[in-house]
Each structure stands twice: as C-alpha cells, then as structure tokens.
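Peer 1: Quick one: the structure is below, questions incoming.
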Amino acid sequence: MKSAPRRLLALIASLLLAATVHASKEHPVIGLSLDTLKEERWQKDRDSFTAEVESLGGKVIVQAANGDDTRQTSDIKALITRGVDVIVVVAHNGSALTRAVKSANDAGIPVIAYDRLIMNSDVALYLTFDNVKVGELQARYIVDHLSDKNPIRIVRLDGAPTDNNAKLFKQGQDQVLDPLIKAGKVKIIFEDWCADWKPENGKKVTNAAITRFGHDFDAILSTTDHLASGAIQALTEEGIAGKILVTGQDADLSACQRILRGTQTMTIYKPLKTLATYAGTVAVEIAKGGPVPKQAVLNNGFKEVPSVFKEIYAVDKDNMMTAIVADGFYTAEQLK
Ligand code: BGC
C-alpha cells in the first residue's frame with residue numbers, strides 16, 4: 001500500500017499528466033449535450049458540428065436529454081467521466097445546469113453554451129444567432145405587411161419560459177411593438193408562453209384565442225416554426241389558414257413548404273451550418289488550448305460571457321429561392 005505522501009505525489013503526477021494530455025491533444029474528444037433531437041433543427045446542428053470536428057481529427061460524443069433536466073445533468077456528468085476535452089451544451093433549461101457546469105469546470109473541462117445561454121455559471125463561451133434580432137424581424141414583418149390594418153390585432157405565441165432565448169426573442173419583438181402599442185396601432189389581443197416549444201402548446205394558445213375572440217385577429221406572432229405548425233393546425237380546423245399572417249423561425253422544411261403553399265407567411269432562416277461548423281472549429285481549438293473568441297459579452301448572472309453571434313435572415317415566399325435554396329439549405333426539389 002502507498003503511504004499518504006506517496007498517494008498525494010501520485011495524484012499530483014496523474015493530474016499533471018492529464019493536464020498535458022488535454023493541452024496537446026491531436027485528436028480531441030468533444031461532448032455534445034443536446035436538449036432534444038426530436039426537432040429537425042437540432043439534428044442539423046448535430047450533423048454539421050460532428051462533421052466539422054471529425055474533419056479536424058476529433059471525435060464527438062452526442063447525448064440528447066429529450067427535454068429532461070435531470071437527464072441532461074447526468075448526460076453532462078457522463079461526458080465528464082468519459083474525460084472529454086470540451087463540452088458543448090444546448091440547454092433544455094438554462095437555469096438548471098449550474099451544478100453540472102461547475103462539475104465540468106472542476107474537472108478542467110471548458111463548457112461552451114450553444115444557441116442557448118446557460119445562466120449563473122462559468123461558461124467559457126456562448127455561440128449563437130442574434131436572438132434579439134430574430135424577434136425584431138418577426139415583429140417588423142407583421143407591421144410592414146399589415147399596414148392597412150388599424151390597429152393590427154395580434155395573437156402572440158411566446159416560447160418556452162425555461163429557455164433564455166425565448167426572453168430574447170420577446171425582447172426583440174417588444175422593441176418593435178411597444179411604441180406601436182402605445183400609439184394604438186397594434187393590439188396584442190391574446191398571448192401565452194408555450195412550454196417546451198411544443199406544437200401542441202402553440203395549438204392550445206391559438207385555440208384559446210379563437211375561443212375568446214373568434215376570427216377577429218390579423219396575425220399570429222409565433223416565435224418558431226414548430227409552434228406555427230400547431231397554430232396553423234388550429235387555423236385549418238377553423239377554415240382560416242392562409243387568411244392570417246403567421247410568423248416562425250428555423251426554416252424547418254415543413255415550414256418552408258407551408259410558406260410556398262400559403263398557410264405560413266414567413267420564417268427566420270438561421271444558417272445552422274455556419275454556426276455549427278464554427279462551433280466545431282472553436283471547440284477543437286479550445287480543446288487544444290487555443291484562445292476563446294469574443295465578439296461581444298452577455299451577462300449570465302455569474303459573469304460577462306464571451307459571445308459570438310451569427311447573422312439571421314427573414315424569409316418569405318418571395319426570397320425563398322435566393323435565401324434558402326441558393327445557400328444550399330434545401331434543394332428546390334425538397335421544397336415542392
Ligand atoms: C432556438 C430555436 C428553436 C427553439 C426550440 C430555441 O432556443 O433558438 O431555434 O426553434 O429553441 O427548439
């Protein structure tokens with residue numbers, strides 16, 4: 001048996017060895033902990049991210065928590081145990097991962113928040129799209145395209161209250177709408193949060209609005225395509241799909257098809273490949289001890305988190321081909 005000082009020396013030696021192995025990794029292993037893989041967009045993010053890391057000689061271990069906070073915490077713990085070099089996280093609940101991030105940091109593993117900010121924790125970096133601008137473009141689209149209505153009557157489907165992005169989307173929408181609401185030009189007749197971003201909750205809120213106000217509204221300010229799909233189902237059942245302006249976000253394939261068919265009006269195209277590929281490059285660089293990029297900072301309650309935002313675009317039937325097809329997101333064939 002080793003004496004206490006020898007055990008301490010052995011521990012220090014193994015820690016030093018582990019540190020050097022991490023810093024000089026030729027083939028880093030990156031953990032990717034996702035909220036869910038049940039939505040189209042996250043499958044795309046995973047695929048582009050993995051392809052990039054592999055092209056740089058690394059490997060990705062993917063975990064998906066399917067919307068369960070306890071499971072996401074244990075997913076992250078499993079990645080720590082497997083000794084990954086960096087963990088990239090799409091948080092289901094941005095406020096529920098403080099402990100998991102601390103465990104990773106205690107093990108010397110940097111954590112990158114991907115798309116959604118993780119609150120109150122020492123995340124190394126936040127990589128995302130300009131989420132406030134997403135909300136601004138959605139609201140601006142409604143205002144610009146319904147200028148003949150006075151006031152414009154809106155039903156608003158807010159996102160999942162557990163996702164910090166939902167607050168940022170709303171903030172962007174408010175920046176456009178608040179002055180117009182004050183001026184009496186816009187009226188939000190009904191509004192609610194949609195737990196877990198589920199389409200059935202989008203449908204439920206739309207049904208509730210119809211129960212109270214009938215068909216007397218002009219637009220559904222839906223935060224995502226997924227929620228829009230539920231709302232459009234409700235509108236279809238009422239025979240008014242295509243008569244109400246419906247917004248969205250993500251450029252899901254089914255949403256782009258709905259836009260071309262006229263039941264959804266617009267979406268926000270987020271070039272997922274750009275963000276996921278960039279995240280793959282940066283994760284590998286950080287795993288090799290490289291610098292953390294910083295375009296801006298965002299406060300997460302614990303620190304000013306170095307952040308990078310990628311550009312987003314409003315898309316409707318008029319620019320679908322130039323924005324989405326020309327960028328290689330879908331082929332014209334897929335959109336038929
Ligand atoms: C993302 C959206 C996505 C939503 C639901 C948000 O955090 O930014 O792109 O549609 O989550 O998964």
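FYI, nothing fancy with the structure tokens labels: chains A, B, ... in order, residues from 1 per chain, ligands from 1 as they appear.
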Where does chain A meet ligand 1 within 10 Å, residue by residue, with the nearest atom pair and distance in Å to one decimal for each, counting only C-alpha atoms and all ligand atoms, listed by chain and rising number, as a Markdown table?

Peer 2:
```
| residue | atom | partner | partner_atom_place_in_ligand_line | distance |
| --- | --- | --- | --- | --- |
| A:Asp35 | CA | ligand 1 | 12 (O) | 8.1 |
| A:Thr36 | CA | ligand 1 | 12 (O) | 7.8 |
| A:Leu37 | CA | ligand 1 | 12 (O) | 9.2 |
| A:Lys38 | CA | ligand 1 | 12 (O) | 9.0 |
| A:Glu39 | CA | ligand 1 | 12 (O) | 6.6 |
| A:Glu40 | CA | ligand 1 | 12 (O) | 8.8 |
| A:Arg41 | CA | ligand 1 | 9 (O) | 6.9 |
| A:Trp42 | CA | ligand 1 | 12 (O) | 7.4 |
| A:Gly67 | CA | ligand 1 | 12 (O) | 9.8 |
| A:Val90 | CA | ligand 1 | 7 (O) | 8.1 |
| A:Ala91 | CA | ligand 1 | 7 (O) | 8.4 |
| A:His92 | CA | ligand 1 | 7 (O) | 8.4 |
| A:Asn93 | CA | ligand 1 | 7 (O) | 9.8 |
| A:Gly94 | CA | ligand 1 | 7 (O) | 9.8 |
| A:Tyr114 | CA | ligand 1 | 7 (O) | 9.3 |
| A:Asp115 | CA | ligand 1 | 8 (O) | 5.8 |
| A:Arg116 | CA | ligand 1 | 7 (O) | 5.5 |
| A:Leu117 | CA | ligand 1 | 7 (O) | 8.9 |
| A:Thr128 | CA | ligand 1 | 8 (O) | 8.0 |
| A:Phe129 | CA | ligand 1 | 8 (O) | 7.7 |
| A:Asp130 | CA | ligand 1 | 8 (O) | 9.4 |
| A:Asn131 | CA | ligand 1 | 8 (O) | 7.1 |
| A:Val134 | CA | ligand 1 | 8 (O) | 9.1 |
| A:Gly159 | CA | ligand 1 | 4 (C) | 7.5 |
| A:Ala160 | CA | ligand 1 | 5 (C) | 7.8 |
| A:Thr162 | CA | ligand 1 | 7 (O) | 9.6 |
| A:Asp163 | CA | ligand 1 | 7 (O) | 6.1 |
| A:Asn164 | CA | ligand 1 | 7 (O) | 7.4 |
| A:Asn165 | CA | ligand 1 | 7 (O) | 5.1 |
| A:Ala166 | CA | ligand 1 | 7 (O) | 6.7 |
| A:Lys167 | CA | ligand 1 | 7 (O) | 9.8 |
| A:Leu168 | CA | ligand 1 | 8 (O) | 9.6 |
| A:Phe169 | CA | ligand 1 | 8 (O) | 8.7 |
| A:Asp196 | CA | ligand 1 | 5 (C) | 7.5 |
| A:Trp197 | CA | ligand 1 | 5 (C) | 5.3 |
| A:Lys198 | CA | ligand 1 | 5 (C) | 8.1 |
| A:Thr223 | CA | ligand 1 | 10 (O) | 7.9 |
| A:Thr224 | CA | ligand 1 | 10 (O) | 5.2 |
| A:Asp225 | CA | ligand 1 | 10 (O) | 6.9 |
| A:His226 | CA | ligand 1 | 10 (O) | 6.8 |
| A:Leu227 | CA | ligand 1 | 10 (O) | 8.6 |
| A:Gly248 | CA | ligand 1 | 10 (O) | 8.8 |
| A:Gln249 | CA | ligand 1 | 10 (O) | 6.4 |
| A:Asp250 | CA | ligand 1 | 9 (O) | 5.4 |
| A:Ala251 | CA | ligand 1 | 9 (O) | 9.1 |
| A:Asp252 | CA | ligand 1 | 10 (O) | 8.9 |
| A:Ile268 | CA | ligand 1 | 9 (O) | 9.1 |
| A:Tyr269 | CA | ligand 1 | 9 (O) | 9.4 |
| A:Lys270 | CA | ligand 1 | 9 (O) | 7.7 |
| A:Leu272 | CA | ligand 1 | 9 (O) | 9.1 |
```

Peer 1: Could you pull out the alpha helix (DSSP H) residues of stretch 93-218 of chain A from DSSP and send them as a PyMOL selection string?

Peer 2: chain A and resi 98-106+131-145+164-182+199-213

Peer 1: My list of candidates is A:Ser55, A:Asn150, A:Asn319, A:Gln264. Which is closest to A:His27 when distances are computed with only C-alpha atoms?

Peer 2: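 Nearest candidate to A:His27 out of A:Ser55, A:Asn150, A:Asn319, A:Gln264: A:Ser55.
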
Peer 1: Got a sec: who's within 10 Å of A:Val84, counting only C-alpha atoms, leaving out chain neighbours fewer than 3 positions off, as a count of residues only?

Peer 2: 20

Peer 1: From the set A:Lys294, A:Lys44, A:Arg153, A:Arg82, which residue has the shortest atom-to-atom contact distance to A:Phe329, counting only C-alpha atoms?

Peer 2: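 Among the listed residues, A:Lys44 lies closest to A:Phe329.
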
Peer 1: Taking 2 positions as the minimum chain separation for residues in the same chain, which residues sit within 12 Å of A:Leu146 when counting only C-alpha atoms? Answer as a list of chain:residue names.

Peer 2: A:Ala139, A:Arg140, A:Tyr141, A:Ile142, A:Val143, A:Asp144, A:Asp148, A:Lys149, A:Asn150, A:Pro151, A:Ile152, A:Arg153, A:Ile154, A:Lys185, A:Val186, A:Phe217, A:Asp218, A:Ala219, A:Ile220, A:Ile244, A:Leu245, A:Val246, A:Thr265

Peer 1: Would you export the selected residues with N, CA and C atoms as an mmCIF file, in the first residue's frame, please?

Peer 2:
```cif
data_model
loop_
_atom_site.group_PDB
_atom_site.id
_atom_site.type_symbol
_atom_site.label_atom_id
_atom_site.label_comp_id
_atom_site.auth_asym_id
_atom_site.auth_seq_id
_atom_site.Cartn_x
_atom_site.Cartn_y
_atom_site.Cartn_z
ATOM 1 N N ALA A 139 -41.483 40.722 -35.707
ATOM 2 C CA ALA A 139 -42.472 41.772 -35.439
ATOM 3 C C ALA A 139 -42.496 42.788 -36.578
ATOM 4 N N ARG A 140 -41.307 43.149 -37.074
ATOM 5 C CA ARG A 140 -41.211 44.130 -38.160
ATOM 6 C C ARG A 140 -41.963 43.632 -39.395
ATOM 7 N N TYR A 141 -41.880 42.309 -39.640
ATOM 8 C CA TYR A 141 -42.547 41.738 -40.814
ATOM 9 C C TYR A 141 -44.062 41.970 -40.718
ATOM 10 N N ILE A 142 -44.606 41.700 -39.534
ATOM 11 C CA ILE A 142 -46.053 41.878 -39.341
ATOM 12 C C ILE A 142 -46.433 43.340 -39.574
ATOM 13 N N VAL A 143 -45.690 44.228 -38.937
ATOM 14 C CA VAL A 143 -46.022 45.656 -39.017
ATOM 15 C C VAL A 143 -45.927 46.147 -40.469
ATOM 16 N N ASP A 144 -44.879 45.729 -41.169
ATOM 17 C CA ASP A 144 -44.693 46.190 -42.559
ATOM 18 C C ASP A 144 -45.735 45.610 -43.512
ATOM 19 N N ASP A 148 -52.239 48.209 -43.562
ATOM 20 C CA ASP A 148 -53.613 48.643 -43.859
ATOM 21 C C ASP A 148 -54.563 48.408 -42.680
ATOM 22 N N LYS A 149 -54.105 47.665 -41.674
ATOM 23 C CA LYS A 149 -54.984 47.387 -40.514
ATOM 24 C C LYS A 149 -54.719 48.403 -39.409
ATOM 25 N N ASN A 150 -55.761 48.837 -38.768
ATOM 26 C CA ASN A 150 -55.566 49.798 -37.685
ATOM 27 C C ASN A 150 -56.607 49.604 -36.597
ATOM 28 N N PRO A 151 -56.273 49.029 -35.454
ATOM 29 C CA PRO A 151 -54.947 48.511 -35.126
ATOM 30 C C PRO A 151 -54.731 47.115 -35.728
ATOM 31 N N ILE A 152 -53.464 46.691 -35.774
ATOM 32 C CA ILE A 152 -53.161 45.311 -36.179
ATOM 33 C C ILE A 152 -53.415 44.443 -34.945
ATOM 34 N N ARG A 153 -54.293 43.464 -35.104
ATOM 35 C CA ARG A 153 -54.654 42.621 -33.942
ATOM 36 C C ARG A 153 -53.833 41.329 -33.985
ATOM 37 N N ILE A 154 -53.060 41.115 -32.928
ATOM 38 C CA ILE A 154 -52.071 40.020 -32.934
ATOM 39 C C ILE A 154 -52.328 39.018 -31.806
ATOM 40 N N LYS A 185 -51.594 51.546 -32.539
ATOM 41 C CA LYS A 185 -51.576 50.976 -33.890
ATOM 42 C C LYS A 185 -51.511 49.453 -33.897
ATOM 43 N N VAL A 186 -51.126 48.885 -32.754
ATOM 44 C CA VAL A 186 -51.033 47.422 -32.622
ATOM 45 C C VAL A 186 -51.727 47.040 -31.331
ATOM 46 N N PHE A 217 -58.728 38.542 -35.661
ATOM 47 C CA PHE A 217 -57.315 38.927 -35.499
ATOM 48 C C PHE A 217 -56.633 38.800 -36.855
ATOM 49 N N ASP A 218 -55.483 39.486 -36.974
ATOM 50 C CA ASP A 218 -54.829 39.594 -38.281
ATOM 51 C C ASP A 218 -53.559 38.755 -38.399
ATOM 52 N N ALA A 219 -52.916 38.504 -37.247
ATOM 53 C CA ALA A 219 -51.611 37.831 -37.324
ATOM 54 C C ALA A 219 -51.385 36.961 -36.110
ATOM 55 N N ILE A 220 -50.612 35.895 -36.335
ATOM 56 C CA ILE A 220 -50.108 35.103 -35.206
ATOM 57 C C ILE A 220 -48.604 35.321 -35.169
ATOM 58 N N ILE A 244 -54.620 34.435 -42.261
ATOM 59 C CA ILE A 244 -53.984 35.122 -41.130
ATOM 60 C C ILE A 244 -52.474 35.080 -41.366
ATOM 61 N N LEU A 245 -51.794 36.177 -41.137
ATOM 62 C CA LEU A 245 -50.330 36.192 -41.290
ATOM 63 C C LEU A 245 -49.714 35.395 -40.126
ATOM 64 N N VAL A 246 -48.852 34.429 -40.439
ATOM 65 C CA VAL A 246 -48.218 33.619 -39.386
ATOM 66 C C VAL A 246 -46.696 33.685 -39.538
ATOM 67 N N THR A 265 -46.580 32.450 -43.317
ATOM 68 C CA THR A 265 -46.190 33.606 -44.134
ATOM 69 C C THR A 265 -44.688 33.811 -44.196
#
```
